[in-house]
Each structure stands twice: as structure tokens, then as C-alpha cells.
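Coordinates as given in start06.pdb (PDB, N, CA, C and O atoms):
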```pdb
MODEL        1
ATOM      1  N   MET J   1       0.825  -1.193   0.000
ATOM      2  CA  MET J   1       0.000   0.000   0.000
ATOM      3  C   MET J   1       0.869   1.257   0.000
ATOM      4  O   MET J   1       0.556   2.194  -0.714
ATOM      5  N   ARG J   2       1.888   1.247   0.816
ATOM      6  CA  ARG J   2       2.730   2.445   0.905
ATOM      7  C   ARG J   2       3.410   2.753  -0.415
ATOM      8  O   ARG J   2       3.663   3.916  -0.709
ATOM      9  N   SER J   3       3.714   1.726  -1.191
ATOM     10  CA  SER J   3       4.442   1.966  -2.442
ATOM     11  C   SER J   3       3.586   2.643  -3.504
ATOM     12  O   SER J   3       4.084   3.453  -4.278
ATOM     13  N   PHE J   4       2.284   2.342  -3.567
ATOM     14  CA  PHE J   4       1.480   2.966  -4.617
ATOM     15  C   PHE J   4       0.474   3.990  -4.099
ATOM     16  O   PHE J   4      -0.231   4.620  -4.878
ATOM     17  N   ASP J   5       0.412   4.207  -2.794
ATOM     18  CA  ASP J   5      -0.517   5.194  -2.248
ATOM     19  C   ASP J   5      -0.289   6.602  -2.800
ATOM     20  O   ASP J   5      -1.255   7.257  -3.187
ATOM     21  N   PRO J   6       0.952   7.090  -2.886
ATOM     22  CA  PRO J   6       1.136   8.445  -3.429
ATOM     23  C   PRO J   6       0.627   8.575  -4.866
ATOM     24  O   PRO J   6      -0.015   9.576  -5.223
ATOM     25  N   ASP J   7       0.871   7.561  -5.691
ATOM     26  CA  ASP J   7       0.382   7.608  -7.078
ATOM     27  C   ASP J   7      -1.147   7.559  -7.116
ATOM     28  O   ASP J   7      -1.780   8.281  -7.899
ATOM     29  N   ALA J   8      -1.738   6.707  -6.285
ATOM     30  CA  ALA J   8      -3.194   6.604  -6.253
ATOM     31  C   ALA J   8      -3.821   7.920  -5.798
ATOM     32  O   ALA J   8      -4.828   8.367  -6.346
ATOM     33  N   ARG J   9      -3.210   8.555  -4.829
ATOM     34  CA  ARG J   9      -3.730   9.848  -4.371
ATOM     35  C   ARG J   9      -3.608  10.918  -5.452
ATOM     36  O   ARG J   9      -4.489  11.754  -5.613
ATOM     37  N   ALA J  10      -2.523  10.880  -6.209
ATOM     38  CA  ALA J  10      -2.333  11.847  -7.294
ATOM     39  C   ALA J  10      -3.390  11.650  -8.380
ATOM     40  O   ALA J  10      -3.946  12.622  -8.897
ATOM     41  N   VAL J  11      -3.672  10.400  -8.711
ATOM     42  CA  VAL J  11      -4.703  10.117  -9.721
ATOM     43  C   VAL J  11      -6.059  10.584  -9.220
ATOM     44  O   VAL J  11      -6.833  11.204  -9.951
ATOM     45  N   ARG J  12      -6.361  10.310  -7.956
ATOM     46  CA  ARG J  12      -7.643  10.723  -7.386
ATOM     47  C   ARG J  12      -7.773  12.247  -7.365
ATOM     48  O   ARG J  12      -8.822  12.797  -7.693
ATOM     49  N   LYS J  13      -6.695  12.946  -7.007
ATOM     50  CA  LYS J  13      -6.729  14.413  -6.992
ATOM     51  C   LYS J  13      -6.959  14.954  -8.391
ATOM     52  O   LYS J  13      -7.748  15.877  -8.600
ATOM     53  N   HIS J  14      -6.284  14.367  -9.377
ATOM     54  CA  HIS J  14      -6.475  14.792 -10.770
ATOM     55  C   HIS J  14      -7.936  14.592 -11.183
ATOM     56  O   HIS J  14      -8.538  15.482 -11.787
ATOM     57  N   TYR J  15      -8.520  13.445 -10.850
ATOM     58  CA  TYR J  15      -9.918  13.180 -11.177
ATOM     59  C   TYR J  15     -10.828  14.205 -10.488
ATOM     60  O   TYR J  15     -11.716  14.774 -11.121
ATOM     61  N   ASN J  16     -10.607  14.429  -9.205
ATOM     62  CA  ASN J  16     -11.433  15.394  -8.472
ATOM     63  C   ASN J  16     -11.341  16.785  -9.082
ATOM     64  O   ASN J  16     -12.346  17.486  -9.199
ATOM     65  N   ASP J  17     -10.140  17.190  -9.469
ATOM     66  CA  ASP J  17      -9.935  18.539  -9.994
ATOM     67  C   ASP J  17     -10.386  18.698 -11.444
ATOM     68  O   ASP J  17     -10.931  19.735 -11.822
ATOM     69  N   GLN J  18     -10.131  17.689 -12.268
ATOM     70  CA  GLN J  18     -10.358  17.828 -13.697
ATOM     71  C   GLN J  18     -11.682  17.246 -14.191
ATOM     72  O   GLN J  18     -12.146  17.626 -15.264
ATOM     73  N   VAL J  19     -12.269  16.326 -13.474
ATOM     74  CA  VAL J  19     -13.512  15.691 -13.931
ATOM     75  C   VAL J  19     -14.663  16.028 -12.992
ATOM     76  O   VAL J  19     -15.654  16.635 -13.407
ATOM     77  N   ASP J  20     -14.550  15.635 -11.749
ATOM     78  CA  ASP J  20     -15.635  15.815 -10.799
ATOM     79  C   ASP J  20     -15.997  17.286 -10.611
ATOM     80  O   ASP J  20     -17.176  17.643 -10.582
ATOM     81  N   ALA J  21     -14.995  18.140 -10.499
ATOM     82  CA  ALA J  21     -15.261  19.569 -10.304
ATOM     83  C   ALA J  21     -15.996  20.159 -11.500
ATOM     84  O   ALA J  21     -16.905  20.974 -11.345
ATOM     85  N   VAL J  22     -15.628  19.734 -12.698
ATOM     86  CA  VAL J  22     -16.280  20.234 -13.915
ATOM     87  C   VAL J  22     -17.727  19.753 -13.961
ATOM     88  O   VAL J  22     -18.633  20.524 -14.293
ATOM     89  N   GLU J  23     -17.959  18.489 -13.618
ATOM     90  CA  GLU J  23     -19.323  17.966 -13.615
ATOM     91  C   GLU J  23     -20.195  18.693 -12.587
ATOM     92  O   GLU J  23     -21.356  18.982 -12.862
ATOM     93  N   ARG J  24     -19.640  18.971 -11.423
ATOM     94  CA  ARG J  24     -20.419  19.710 -10.414
ATOM     95  C   ARG J  24     -20.702  21.123 -10.879
ATOM     96  O   ARG J  24     -21.811  21.627 -10.732
ATOM     97  N   ARG J  25     -19.690  21.784 -11.434
ATOM     98  CA  ARG J  25     -19.849  23.176 -11.850
ATOM     99  C   ARG J  25     -20.784  23.295 -13.044
ATOM    100  O   ARG J  25     -21.632  24.183 -13.093
ATOM    101  N   ASP J  26     -20.631  22.410 -14.018
ATOM    102  CA  ASP J  26     -21.366  22.541 -15.277
ATOM    103  C   ASP J  26     -22.379  21.424 -15.488
ATOM    104  O   ASP J  26     -22.755  21.123 -16.622
ATOM    105  N   GLY J  27     -22.841  20.800 -14.409
ATOM    106  CA  GLY J  27     -23.754  19.667 -14.518
ATOM    107  C   GLY J  27     -25.016  19.972 -15.296
ATOM    108  O   GLY J  27     -25.461  19.173 -16.124
ATOM    109  N   ALA J  28     -25.615  21.134 -15.065
ATOM    110  CA  ALA J  28     -26.850  21.485 -15.773
ATOM    111  C   ALA J  28     -26.598  21.641 -17.264
ATOM    112  O   ALA J  28     -27.390  21.178 -18.094
ATOM    113  N   ALA J  29     -25.496  22.273 -17.634
ATOM    114  CA  ALA J  29     -25.173  22.451 -19.062
ATOM    115  C   ALA J  29     -24.883  21.102 -19.719
ATOM    116  O   ALA J  29     -25.292  20.857 -20.866
ATOM    117  N   ILE J  30     -24.197  20.225 -19.007
ATOM    118  CA  ILE J  30     -23.914  18.893 -19.547
ATOM    119  C   ILE J  30     -25.224  18.133 -19.748
ATOM    120  O   ILE J  30     -25.439  17.497 -20.788
ATOM    121  N   ALA J  31     -26.121  18.204 -18.780
ATOM    122  CA  ALA J  31     -27.409  17.518 -18.893
ATOM    123  C   ALA J  31     -28.218  18.062 -20.063
ATOM    124  O   ALA J  31     -28.836  17.295 -20.809
ATOM    125  N   ARG J  32     -28.232  19.381 -20.240
ATOM    126  CA  ARG J  32     -28.954  19.976 -21.376
ATOM    127  C   ARG J  32     -28.388  19.496 -22.703
ATOM    128  O   ARG J  32     -29.127  19.156 -23.623
ATOM    129  N   ALA J  33     -27.050  19.470 -22.802
ATOM    130  CA  ALA J  33     -26.420  19.018 -24.046
ATOM    131  C   ALA J  33     -26.745  17.554 -24.325
ATOM    132  O   ALA J  33     -27.047  17.189 -25.467
ATOM    133  N   ARG J  34     -26.716  16.722 -23.305
ATOM    134  CA  ARG J  34     -27.070  15.306 -23.498
ATOM    135  C   ARG J  34     -28.523  15.169 -23.928
ATOM    136  O   ARG J  34     -28.850  14.375 -24.807
ATOM    137  N   PHE J  35     -29.426  15.943 -23.326
ATOM    138  CA  PHE J  35     -30.836  15.872 -23.688
ATOM    139  C   PHE J  35     -31.062  16.339 -25.122
ATOM    140  O   PHE J  35     -31.836  15.740 -25.859
ATOM    141  N   GLU J  36     -30.367  17.416 -25.512
ATOM    142  CA  GLU J  36     -30.515  17.904 -26.888
ATOM    143  C   GLU J  36     -30.054  16.857 -27.900
ATOM    144  O   GLU J  36     -30.604  16.756 -28.986
ATOM    145  N   LYS J  37     -29.040  16.085 -27.525
ATOM    146  CA  LYS J  37     -28.510  15.073 -28.433
ATOM    147  C   LYS J  37     -29.375  13.819 -28.469
ATOM    148  O   LYS J  37     -29.654  13.279 -29.530
ATOM    149  N   THR J  38     -29.821  13.334 -27.312
ATOM    150  CA  THR J  38     -30.514  12.046 -27.260
ATOM    151  C   THR J  38     -31.998  12.149 -26.954
ATOM    152  O   THR J  38     -32.715  11.163 -27.114
ATOM    153  N   GLY J  39     -32.473  13.302 -26.508
ATOM    154  CA  GLY J  39     -33.889  13.441 -26.171
ATOM    155  C   GLY J  39     -34.286  12.484 -25.070
ATOM    156  O   GLY J  39     -33.598  12.349 -24.068
ATOM    157  N   PHE J  40     -35.390  11.786 -25.284
ATOM    158  CA  PHE J  40     -35.895  10.858 -24.277
ATOM    159  C   PHE J  40     -35.423   9.427 -24.503
ATOM    160  O   PHE J  40     -35.941   8.497 -23.902
ATOM    161  N   THR J  41     -34.438   9.219 -25.382
ATOM    162  CA  THR J  41     -33.988   7.854 -25.668
ATOM    163  C   THR J  41     -33.023   7.325 -24.626
ATOM    164  O   THR J  41     -32.754   6.139 -24.595
ATOM    165  N   GLU J  42     -32.482   8.165 -23.783
ATOM    166  CA  GLU J  42     -31.518   7.731 -22.773
ATOM    167  C   GLU J  42     -32.094   7.989 -21.387
ATOM    168  O   GLU J  42     -32.426   9.116 -21.054
ATOM    169  N   PRO J  43     -32.228   6.939 -20.562
ATOM    170  CA  PRO J  43     -32.822   7.150 -19.242
ATOM    171  C   PRO J  43     -31.902   7.948 -18.329
ATOM    172  O   PRO J  43     -30.684   7.887 -18.467
ATOM    173  N   PRO J  44     -32.467   8.715 -17.408
ATOM    174  CA  PRO J  44     -31.641   9.466 -16.473
ATOM    175  C   PRO J  44     -30.961   8.543 -15.475
ATOM    176  O   PRO J  44     -31.429   7.439 -15.231
ATOM    177  N   ASP J  45     -29.891   9.007 -14.920
ATOM    178  CA  ASP J  45     -29.186   8.243 -13.900
ATOM    179  C   ASP J  45     -29.267   9.008 -12.597
ATOM    180  O   ASP J  45     -28.428   9.834 -12.304
ATOM    181  N   GLY J  46     -30.303   8.757 -11.834
ATOM    182  CA  GLY J  46     -30.533   9.510 -10.613
ATOM    183  C   GLY J  46     -29.665   9.093  -9.449
ATOM    184  O   GLY J  46     -29.528   9.819  -8.480
ATOM    185  N   THR J  47     -29.058   7.905  -9.526
ATOM    186  CA  THR J  47     -28.283   7.422  -8.391
ATOM    187  C   THR J  47     -26.782   7.472  -8.634
ATOM    188  O   THR J  47     -26.003   7.128  -7.758
ATOM    189  N   PHE J  48     -26.371   7.871  -9.813
ATOM    190  CA  PHE J  48     -24.946   7.943 -10.188
ATOM    191  C   PHE J  48     -24.262   6.584 -10.072
ATOM    192  O   PHE J  48     -23.090   6.503  -9.773
ATOM    193  N   THR J  49     -25.016   5.498 -10.302
ATOM    194  CA  THR J  49     -24.432   4.166 -10.258
ATOM    195  C   THR J  49     -24.216   3.661 -11.668
ATOM    196  O   THR J  49     -24.907   4.066 -12.601
ATOM    197  N   LEU J  50     -23.276   2.764 -11.823
ATOM    198  CA  LEU J  50     -23.066   2.143 -13.116
ATOM    199  C   LEU J  50     -24.266   1.276 -13.449
ATOM    200  O   LEU J  50     -24.841   0.644 -12.579
ATOM    201  N   ARG J  51     -24.618   1.252 -14.698
ATOM    202  CA  ARG J  51     -25.724   0.413 -15.130
ATOM    203  C   ARG J  51     -25.150  -0.784 -15.856
ATOM    204  O   ARG J  51     -24.824  -0.717 -17.022
ATOM    205  N   LEU J  52     -25.004  -1.857 -15.112
ATOM    206  CA  LEU J  52     -24.438  -3.083 -15.648
ATOM    207  C   LEU J  52     -25.468  -4.190 -15.561
ATOM    208  O   LEU J  52     -26.310  -4.191 -14.678
ATOM    209  N   SER J  53     -25.387  -5.128 -16.476
ATOM    210  CA  SER J  53     -26.251  -6.294 -16.378
ATOM    211  C   SER J  53     -25.409  -7.538 -16.563
ATOM    212  O   SER J  53     -24.371  -7.518 -17.215
ATOM    213  N   TYR J  54     -25.859  -8.599 -15.976
ATOM    214  CA  TYR J  54     -25.179  -9.885 -16.074
ATOM    215  C   TYR J  54     -26.143 -10.863 -16.710
ATOM    216  O   TYR J  54     -26.969 -11.451 -16.039
ATOM    217  N   GLY J  55     -26.079 -10.981 -18.022
ATOM    218  CA  GLY J  55     -26.955 -11.902 -18.723
ATOM    219  C   GLY J  55     -28.172 -11.212 -19.295
ATOM    220  O   GLY J  55     -28.336 -10.002 -19.217
ATOM    221  N   ALA J  56     -29.030 -12.016 -19.882
ATOM    222  CA  ALA J  56     -30.233 -11.490 -20.525
ATOM    223  C   ALA J  56     -31.251 -11.054 -19.475
ATOM    224  O   ALA J  56     -31.436 -11.712 -18.458
ATOM    225  N   VAL J  57     -31.929  -9.967 -19.760
ATOM    226  CA  VAL J  57     -32.988  -9.479 -18.887
ATOM    227  C   VAL J  57     -34.301 -10.044 -19.412
ATOM    228  O   VAL J  57     -34.587  -9.955 -20.602
ATOM    229  N   LYS J  58     -35.074 -10.666 -18.533
ATOM    230  CA  LYS J  58     -36.348 -11.224 -18.961
ATOM    231  C   LYS J  58     -37.329 -11.185 -17.805
ATOM    232  O   LYS J  58     -36.951 -10.939 -16.663
ATOM    233  N   GLY J  59     -38.581 -11.406 -18.102
ATOM    234  CA  GLY J  59     -39.620 -11.387 -17.093
ATOM    235  C   GLY J  59     -39.630 -12.669 -16.285
ATOM    236  O   GLY J  59     -38.717 -13.491 -16.352
ATOM    237  N   CYS J  60     -40.713 -12.849 -15.535
ATOM    238  CA  CYS J  60     -40.855 -14.050 -14.713
ATOM    239  C   CYS J  60     -42.333 -14.421 -14.634
ATOM    240  O   CYS J  60     -43.197 -13.687 -15.098
ATOM    241  N   MET J  61     -42.610 -15.564 -14.032
ATOM    242  CA  MET J  61     -43.988 -16.013 -13.827
ATOM    243  C   MET J  61     -44.343 -15.804 -12.350
ATOM    244  O   MET J  61     -43.532 -16.056 -11.469
ATOM    245  N   ASP J  62     -45.568 -15.336 -12.099
ATOM    246  CA  ASP J  62     -46.045 -15.146 -10.735
ATOM    247  C   ASP J  62     -47.502 -15.592 -10.681
ATOM    248  O   ASP J  62     -48.368 -14.985 -11.326
ATOM    249  N   ASN J  63     -47.761 -16.637  -9.942
ATOM    250  CA  ASN J  63     -49.120 -17.190  -9.827
ATOM    251  C   ASN J  63     -49.757 -17.447 -11.185
ATOM    252  O   ASN J  63     -50.917 -17.118 -11.422
ATOM    253  N   GLY J  64     -48.985 -17.980 -12.098
ATOM    254  CA  GLY J  64     -49.496 -18.345 -13.416
ATOM    255  C   GLY J  64     -49.574 -17.218 -14.424
ATOM    256  O   GLY J  64     -49.961 -17.443 -15.567
ATOM    257  N   SER J  65     -49.215 -15.992 -14.054
ATOM    258  CA  SER J  65     -49.233 -14.901 -15.036
ATOM    259  C   SER J  65     -47.816 -14.405 -15.283
ATOM    260  O   SER J  65     -46.988 -14.378 -14.372
ATOM    261  N   HIS J  66     -47.603 -14.044 -16.531
ATOM    262  CA  HIS J  66     -46.274 -13.575 -16.938
ATOM    263  C   HIS J  66     -46.090 -12.120 -16.499
ATOM    264  O   HIS J  66     -46.918 -11.263 -16.775
ATOM    265  N   ILE J  67     -44.996 -11.849 -15.818
ATOM    266  CA  ILE J  67     -44.633 -10.496 -15.388
ATOM    267  C   ILE J  67     -43.490 -10.038 -16.284
ATOM    268  O   ILE J  67     -42.423 -10.647 -16.283
ATOM    269  N   PRO J  68     -43.690  -8.982 -17.100
ATOM    270  CA  PRO J  68     -42.610  -8.535 -17.984
ATOM    271  C   PRO J  68     -41.456  -7.924 -17.197
ATOM    272  O   PRO J  68     -41.607  -7.542 -16.037
ATOM    273  N   TYR J  69     -40.306  -7.804 -17.847
ATOM    274  CA  TYR J  69     -39.115  -7.249 -17.195
ATOM    275  C   TYR J  69     -39.168  -5.733 -17.083
ATOM    276  O   TYR J  69     -38.311  -5.130 -16.470
ATOM    277  N   PHE J  70     -40.167  -5.109 -17.653
ATOM    278  CA  PHE J  70     -40.278  -3.647 -17.617
ATOM    279  C   PHE J  70     -41.705  -3.293 -17.233
ATOM    280  O   PHE J  70     -42.600  -4.135 -17.259
ATOM    281  N   THR J  71     -41.921  -2.045 -16.876
ATOM    282  CA  THR J  71     -43.271  -1.578 -16.594
ATOM    283  C   THR J  71     -43.346  -0.086 -16.904
ATOM    284  O   THR J  71     -42.361   0.535 -17.271
ATOM    285  N   THR J  72     -44.518   0.430 -16.765
ATOM    286  CA  THR J  72     -44.757   1.873 -16.876
ATOM    287  C   THR J  72     -45.313   2.330 -15.537
ATOM    288  O   THR J  72     -45.627   1.504 -14.666
ATOM    289  N   ILE J  73     -45.491   3.586 -15.359
ATOM    290  CA  ILE J  73     -46.066   4.057 -14.100
ATOM    291  C   ILE J  73     -47.489   3.531 -13.958
ATOM    292  O   ILE J  73     -47.915   3.140 -12.874
ATOM    293  N   GLY J  74     -48.211   3.454 -15.081
ATOM    294  CA  GLY J  74     -49.551   2.875 -15.045
ATOM    295  C   GLY J  74     -49.522   1.408 -14.647
ATOM    296  O   GLY J  74     -50.363   0.937 -13.884
ATOM    297  N   GLY J  75     -48.528   0.663 -15.153
ATOM    298  CA  GLY J  75     -48.372  -0.738 -14.796
ATOM    299  C   GLY J  75     -48.076  -0.909 -13.313
ATOM    300  O   GLY J  75     -48.540  -1.859 -12.685
ATOM    301  N   ALA J  76     -47.338   0.006 -12.744
ATOM    302  CA  ALA J  76     -47.052  -0.054 -11.307
ATOM    303  C   ALA J  76     -48.328   0.112 -10.501
ATOM    304  O   ALA J  76     -48.560  -0.596  -9.510
ATOM    305  N   PHE J  77     -49.205   1.023 -10.937
ATOM    306  CA  PHE J  77     -50.482   1.213 -10.243
ATOM    307  C   PHE J  77     -51.378  -0.007 -10.412
ATOM    308  O   PHE J  77     -52.068  -0.412  -9.485
ATOM    309  N   GLN J  78     -51.389  -0.607 -11.622
ATOM    310  CA  GLN J  78     -52.188  -1.808 -11.841
ATOM    311  C   GLN J  78     -51.702  -2.952 -10.949
ATOM    312  O   GLN J  78     -52.498  -3.672 -10.351
ATOM    313  N   HIS J  79     -50.406  -3.099 -10.850
ATOM    314  CA  HIS J  79     -49.831  -4.150  -9.998
ATOM    315  C   HIS J  79     -50.222  -3.911  -8.544
ATOM    316  O   HIS J  79     -50.603  -4.835  -7.823
ATOM    317  N   ALA J  80     -50.165  -2.677  -8.094
ATOM    318  CA  ALA J  80     -50.517  -2.362  -6.705
ATOM    319  C   ALA J  80     -51.991  -2.625  -6.451
ATOM    320  O   ALA J  80     -52.366  -3.091  -5.368
ATOM    321  N   ALA J  81     -52.842  -2.367  -7.441
ATOM    322  CA  ALA J  81     -54.273  -2.597  -7.268
ATOM    323  C   ALA J  81     -54.591  -4.087  -7.155
ATOM    324  O   ALA J  81     -55.532  -4.470  -6.446
ATOM    325  N   ARG J  82     -53.813  -4.934  -7.836
ATOM    326  CA  ARG J  82     -54.037  -6.382  -7.765
ATOM    327  C   ARG J  82     -53.554  -6.975  -6.453
ATOM    328  O   ARG J  82     -54.042  -8.007  -6.026
ATOM    329  N   ALA J  83     -52.628  -6.322  -5.802
ATOM    330  CA  ALA J  83     -52.023  -6.878  -4.568
ATOM    331  C   ALA J  83     -52.948  -6.736  -3.377
ATOM    332  O   ALA J  83     -53.866  -6.064  -3.292
TER     333      ALA J  83
ENDMDL
END
```
Please express the file's structure as C-alpha cells.
Amino acid sequence: MRSFDPDARAVRKHYNDQVDAVERRDGAAIARARFEKTGFTEPPDGTFTLRLSYGAVKGCMDNGSHIPYFTTIGGAFQHAARA
């Protein structure tokens, strides 16, 4: 740890100064530019987490009915009404 800690700290400082600071300062402008380019085709990332998947995404069966892997806000209300 002692041998590479100074280098790791330097990389982290560079990231904080050159990337993170710019995103914080210009976050709204970056978001506007992304929206102008992609519109509603790219979902927002409200949690700042990586979006990774492991394998195919698919639905499941619940009490004999197929539950799709996606929903809409209306589908969420329908599901809640059935519960």
C-alpha cells in the first residue's frame, strides 16, 4: 500500500480537480447538451451508479401470469391494485 498510495492519491486528486469539479460546476449544461442530443432515448441516472447487467434481462412467472421485465407508471399502479 505504501508503495502505490502516493500515485493513487495523485490520480484521485487529478480526477477530483479535472472531472468531478467540472461535472459539479457545469452539470446542468452537460445535462442539457445530453438531452438535446438524445432526447428521451436515454434514461436518467438519478443514483450515479453504473448500469451493468449480467446476462439477458427477462420477465418471470407469478401465480401463473407472466410479469414482464419492464413496466410503466400505469403498470405499477395496476400491480398495486391487484395486490
### Task
Just give me the gap between atom N of J:His66 and atom O of J:Thr41 in Å, one decimal is fine.
26.3 Å
### One-decimal distance in Å that lies between atom C of J:Met61 and atom C of J:Arg82
14.1 Å
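Picture a line from atom C of J:Ala31 to atom CA of J:Gly74; it runs 26.7 Å.
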### Message
Can you tell me, as JSON, numbers by chain, which residues in chain J count as helix (DSSP H, G or I) by DSSP?
### Response
{"J": [5, 6, 7, 8, 9, 10, 11, 12, 13, 14, 15, 16, 17, 18, 19, 20, 21, 22, 23, 24, 25, 26, 27, 28, 29, 30, 31, 32, 33, 34, 35, 36, 37, 38, 39, 40, 41, 73, 74, 75, 76, 77, 78, 79, 80, 81, 82]}
